[in-house]
Amino acid sequence: MPGYLTYVWRPVTGGRHAFPIAATKSPHGQKVEAYCGAEAEAAELHDRSEVDWIREKSCMTCWRILADRP
């Protein structure tokens with residue numbers, strides 16, 4: 001298991017999706033892709049509140065993909 005964060009969960013596109021950590025460093029205006037294939041603007045990964053987090057359900061496709069990783 002790596003000693004550093006490799007993905008982040010963000011409430012975008014109608015759910016909490018997992019994105020590679022590199023997506024958080026993408027410039028505003030660029031599209032980024034979650035593990036499940038959902039796309040969002042890079043800016044959306046940063047512009048979320050705790051209320052957004054609570055209202056959205058976790059994407060089970062992202063969860064399964066990450067759970068199946070070695």
# chains A, B, ... in the order shown; residues from 1 in each chain; ligands from 1
$ residues_around --residues "Ala40 (chain A)" --least-positions-apart "2" --cutoff "9 Å" --atoms "only C-alpha atoms" --output "ChimeraX atom specification"
/A:12-13,30-34,38,42-45
$ write_last_selection --atoms "N, CA and C atoms" --output "short mmCIF file (atom, residue, chain, number, x, y, z; two decimals), in the first residue's frame"
data_model
loop_
_atom_site.label_atom_id
_atom_site.label_comp_id
_atom_site.auth_asym_id
_atom_site.auth_seq_id
_atom_site.Cartn_x
_atom_site.Cartn_y
_atom_site.Cartn_z
N VAL A 12 -19.41 15.78 -7.27
CA VAL A 12 -19.65 16.46 -8.54
C VAL A 12 -20.50 15.57 -9.44
N THR A 13 -21.10 16.14 -10.43
CA THR A 13 -21.88 15.43 -11.46
C THR A 13 -22.94 14.48 -10.88
N GLN A 30 -10.25 22.87 -17.48
CA GLN A 30 -9.91 21.57 -18.05
C GLN A 30 -10.87 20.51 -17.52
N LYS A 31 -11.24 19.56 -18.36
CA LYS A 31 -12.09 18.45 -17.92
C LYS A 31 -11.22 17.39 -17.26
N VAL A 32 -11.75 16.80 -16.19
CA VAL A 32 -11.08 15.70 -15.51
C VAL A 32 -12.05 14.53 -15.46
N GLU A 33 -11.50 13.33 -15.34
CA GLU A 33 -12.34 12.13 -15.40
C GLU A 33 -12.21 11.32 -14.12
N ALA A 34 -13.36 10.92 -13.56
CA ALA A 34 -13.39 10.07 -12.38
C ALA A 34 -13.09 8.64 -12.81
N ALA A 38 -17.08 9.40 -15.25
CA ALA A 38 -17.80 10.67 -15.15
C ALA A 38 -16.82 11.82 -15.34
N ALA A 42 -12.34 20.80 -13.82
CA ALA A 42 -11.36 20.74 -12.73
C ALA A 42 -11.73 21.68 -11.59
N ALA A 43 -12.29 22.84 -11.91
CA ALA A 43 -12.68 23.80 -10.88
C ALA A 43 -13.71 23.23 -9.92
N GLU A 44 -14.57 22.33 -10.40
CA GLU A 44 -15.60 21.74 -9.55
C GLU A 44 -15.01 20.89 -8.44
N LEU A 45 -13.80 20.39 -8.61
CA LEU A 45 -13.19 19.57 -7.56
C LEU A 45 -12.85 20.40 -6.34
#
$ residues_around --residues "Lys57 (chain A)" --least-positions-apart "2" --cutoff "9 Å" --atoms "only C-alpha atoms" --output "VMD selection string"
chain A and resid 11 14 to 17 53 to 55 59 to 60
$ write_last_selection --atoms "N, CA and C atoms" --output "PDB file, in the first residue's frame"
ATOM      1  N   PRO A  11     -17.811  15.566  -4.491  1.00  0.00           N
ATOM      2  CA  PRO A  11     -19.223  15.553  -4.860  1.00  0.00           C
ATOM      3  C   PRO A  11     -19.477  16.399  -6.106  1.00  0.00           C
ATOM      4  N   GLY A  14     -23.586  14.891  -9.811  1.00  0.00           N
ATOM      5  CA  GLY A  14     -24.672  14.088  -9.262  1.00  0.00           C
ATOM      6  C   GLY A  14     -24.221  12.898  -8.450  1.00  0.00           C
ATOM      7  N   GLY A  15     -23.136  13.008  -7.742  1.00  0.00           N
ATOM      8  CA  GLY A  15     -22.650  11.937  -6.878  1.00  0.00           C
ATOM      9  C   GLY A  15     -21.259  12.263  -6.372  1.00  0.00           C
ATOM     10  N   ARG A  16     -20.821  11.496  -5.369  1.00  0.00           N
ATOM     11  CA  ARG A  16     -19.436  11.618  -4.882  1.00  0.00           C
ATOM     12  C   ARG A  16     -18.597  10.656  -5.691  1.00  0.00           C
ATOM     13  N   HIS A  17     -17.708  11.185  -6.498  1.00  0.00           N
ATOM     14  CA  HIS A  17     -16.888  10.371  -7.384  1.00  0.00           C
ATOM     15  C   HIS A  17     -15.434  10.415  -6.945  1.00  0.00           C
ATOM     16  N   TRP A  53     -21.184  17.709  -0.011  1.00  0.00           N
ATOM     17  CA  TRP A  53     -20.661  16.374   0.316  1.00  0.00           C
ATOM     18  C   TRP A  53     -21.755  15.507   0.951  1.00  0.00           C
ATOM     19  N   ILE A  54     -22.501  16.083   1.877  1.00  0.00           N
ATOM     20  CA  ILE A  54     -23.529  15.334   2.604  1.00  0.00           C
ATOM     21  C   ILE A  54     -24.689  14.944   1.690  1.00  0.00           C
ATOM     22  N   ARG A  55     -25.046  15.818   0.768  1.00  0.00           N
ATOM     23  CA  ARG A  55     -26.216  15.569  -0.090  1.00  0.00           C
ATOM     24  C   ARG A  55     -25.992  14.498  -1.152  1.00  0.00           C
ATOM     25  N   CYS A  59     -20.451   7.194  -5.505  1.00  0.00           N
ATOM     26  CA  CYS A  59     -20.584   6.444  -6.752  1.00  0.00           C
ATOM     27  C   CYS A  59     -20.078   5.020  -6.500  1.00  0.00           C
ATOM     28  N   MET A  60     -20.955   4.061  -6.613  1.00  0.00           N
ATOM     29  CA  MET A  60     -20.579   2.682  -6.336  1.00  0.00           C
ATOM     30  C   MET A  60     -19.661   2.111  -7.413  1.00  0.00           C
TER      31      MET A  60
END
$ atom_distance --atom1 "CA of Ala67 (chain A)" --atom2 "CA of Asp52 (chain A)"
23.8 Å
$ residues_around --residues "Pro20 (chain A)" --least-positions-apart "4" --cutoff "10 Å" --atoms "only C-alpha atoms" --output "list in words"
Leu5, Thr6, Tyr7, Val8, Trp9, Thr24, Lys25, Val32, Glu33, Ala34 and Tyr35 of chain A
$ residues_around --residues "Arg69 (chain A)" --least-positions-apart "3" --cutoff "12 Å" --atoms "only C-alpha atoms" --output "list in words"
Met1, Thr6, Tyr35, Cys62, Trp63, Arg64, Ile65 and Leu66 of chain A
$ select_by_dssp --residues "chain A" --states "strand (DSSP E)" --output "NGL selection string"
:A and (7-12 or 15-20 or 31-33 or 39-41)
$ write_last_selection --atoms "N, CA, C and O atoms" --output "PDB file, in the first residue's frame"
ATOM      1  N   TYR A   7      -5.927   9.069  -4.711  1.00  0.00           N
ATOM      2  CA  TYR A   7      -7.226   9.487  -5.233  1.00  0.00           C
ATOM      3  C   TYR A   7      -7.959  10.320  -4.187  1.00  0.00           C
ATOM      4  O   TYR A   7      -7.608  10.293  -3.008  1.00  0.00           O
ATOM      5  N   VAL A   8      -8.942  11.076  -4.653  1.00  0.00           N
ATOM      6  CA  VAL A   8      -9.782  11.899  -3.776  1.00  0.00           C
ATOM      7  C   VAL A   8     -11.234  11.702  -4.177  1.00  0.00           C
ATOM      8  O   VAL A   8     -11.536  11.422  -5.334  1.00  0.00           O
ATOM      9  N   TRP A   9     -12.122  11.845  -3.215  1.00  0.00           N
ATOM     10  CA  TRP A   9     -13.564  11.794  -3.481  1.00  0.00           C
ATOM     11  C   TRP A   9     -14.088  13.218  -3.523  1.00  0.00           C
ATOM     12  O   TRP A   9     -13.786  14.011  -2.629  1.00  0.00           O
ATOM     13  N   ARG A  10     -14.881  13.532  -4.549  1.00  0.00           N
ATOM     14  CA  ARG A  10     -15.465  14.867  -4.659  1.00  0.00           C
ATOM     15  C   ARG A  10     -16.923  14.760  -5.097  1.00  0.00           C
ATOM     16  O   ARG A  10     -17.258  13.959  -5.975  1.00  0.00           O
ATOM     17  N   PRO A  11     -17.811  15.566  -4.491  1.00  0.00           N
ATOM     18  CA  PRO A  11     -19.223  15.553  -4.860  1.00  0.00           C
ATOM     19  C   PRO A  11     -19.477  16.399  -6.106  1.00  0.00           C
ATOM     20  O   PRO A  11     -19.692  17.610  -6.018  1.00  0.00           O
ATOM     21  N   VAL A  12     -19.415  15.781  -7.266  1.00  0.00           N
ATOM     22  CA  VAL A  12     -19.653  16.462  -8.543  1.00  0.00           C
ATOM     23  C   VAL A  12     -20.495  15.569  -9.440  1.00  0.00           C
ATOM     24  O   VAL A  12     -20.578  14.370  -9.225  1.00  0.00           O
ATOM     25  N   GLY A  15     -23.136  13.008  -7.742  1.00  0.00           N
ATOM     26  CA  GLY A  15     -22.650  11.937  -6.878  1.00  0.00           C
ATOM     27  C   GLY A  15     -21.259  12.263  -6.372  1.00  0.00           C
ATOM     28  O   GLY A  15     -20.614  13.180  -6.852  1.00  0.00           O
ATOM     29  N   ARG A  16     -20.821  11.496  -5.369  1.00  0.00           N
ATOM     30  CA  ARG A  16     -19.436  11.618  -4.882  1.00  0.00           C
ATOM     31  C   ARG A  16     -18.597  10.656  -5.691  1.00  0.00           C
ATOM     32  O   ARG A  16     -18.767   9.441  -5.592  1.00  0.00           O
ATOM     33  N   HIS A  17     -17.708  11.185  -6.498  1.00  0.00           N
ATOM     34  CA  HIS A  17     -16.888  10.371  -7.384  1.00  0.00           C
ATOM     35  C   HIS A  17     -15.434  10.415  -6.945  1.00  0.00           C
ATOM     36  O   HIS A  17     -14.983  11.400  -6.360  1.00  0.00           O
ATOM     37  N   ALA A  18     -14.697   9.358  -7.263  1.00  0.00           N
ATOM     38  CA  ALA A  18     -13.270   9.291  -6.975  1.00  0.00           C
ATOM     39  C   ALA A  18     -12.488   9.735  -8.205  1.00  0.00           C
ATOM     40  O   ALA A  18     -12.767   9.286  -9.319  1.00  0.00           O
ATOM     41  N   PHE A  19     -11.529  10.619  -7.975  1.00  0.00           N
ATOM     42  CA  PHE A  19     -10.672  11.142  -9.040  1.00  0.00           C
ATOM     43  C   PHE A  19      -9.215  10.879  -8.682  1.00  0.00           C
ATOM     44  O   PHE A  19      -8.856  10.926  -7.500  1.00  0.00           O
ATOM     45  N   PRO A  20      -8.373  10.643  -9.679  1.00  0.00           N
ATOM     46  CA  PRO A  20      -6.941  10.536  -9.390  1.00  0.00           C
ATOM     47  C   PRO A  20      -6.470  11.847  -8.762  1.00  0.00           C
ATOM     48  O   PRO A  20      -6.965  12.917  -9.108  1.00  0.00           O
ATOM     49  N   LYS A  31     -11.244  19.560 -18.361  1.00  0.00           N
ATOM     50  CA  LYS A  31     -12.091  18.450 -17.923  1.00  0.00           C
ATOM     51  C   LYS A  31     -11.224  17.391 -17.263  1.00  0.00           C
ATOM     52  O   LYS A  31     -10.107  17.125 -17.697  1.00  0.00           O
ATOM     53  N   VAL A  32     -11.754  16.802 -16.195  1.00  0.00           N
ATOM     54  CA  VAL A  32     -11.080  15.702 -15.511  1.00  0.00           C
ATOM     55  C   VAL A  32     -12.054  14.532 -15.456  1.00  0.00           C
ATOM     56  O   VAL A  32     -13.266  14.707 -15.514  1.00  0.00           O
ATOM     57  N   GLU A  33     -11.503  13.329 -15.343  1.00  0.00           N
ATOM     58  CA  GLU A  33     -12.342  12.126 -15.396  1.00  0.00           C
ATOM     59  C   GLU A  33     -12.205  11.319 -14.118  1.00  0.00           C
ATOM     60  O   GLU A  33     -11.101  11.042 -13.647  1.00  0.00           O
ATOM     61  N   GLU A  39     -17.234  12.841 -16.080  1.00  0.00           N
ATOM     62  CA  GLU A  39     -16.378  13.991 -16.318  1.00  0.00           C
ATOM     63  C   GLU A  39     -16.885  15.218 -15.564  1.00  0.00           C
ATOM     64  O   GLU A  39     -18.088  15.367 -15.364  1.00  0.00           O
ATOM     65  N   ALA A  40     -15.945  16.057 -15.163  1.00  0.00           N
ATOM     66  CA  ALA A  40     -16.276  17.314 -14.474  1.00  0.00           C
ATOM     67  C   ALA A  40     -15.214  18.341 -14.826  1.00  0.00           C
ATOM     68  O   ALA A  40     -14.109  17.990 -15.242  1.00  0.00           O
ATOM     69  N   GLU A  41     -15.553  19.604 -14.658  1.00  0.00           N
ATOM     70  CA  GLU A  41     -14.566  20.669 -14.802  1.00  0.00           C
ATOM     71  C   GLU A  41     -13.627  20.589 -13.598  1.00  0.00           C
ATOM     72  O   GLU A  41     -14.068  20.358 -12.468  1.00  0.00           O
TER      73      GLU A  41
END
$ select_by_dssp --residues "chain A" --states "helix (DSSP H, G or I)" --output "VMD selection string"
chain A and resid 21 to 25 42 to 45 50 to 55 60 to 67
$ atom_distance --atom1 "CA of Ile21 (chain A)" --atom2 "CA of Gly37 (chain A)"
15.1 Å
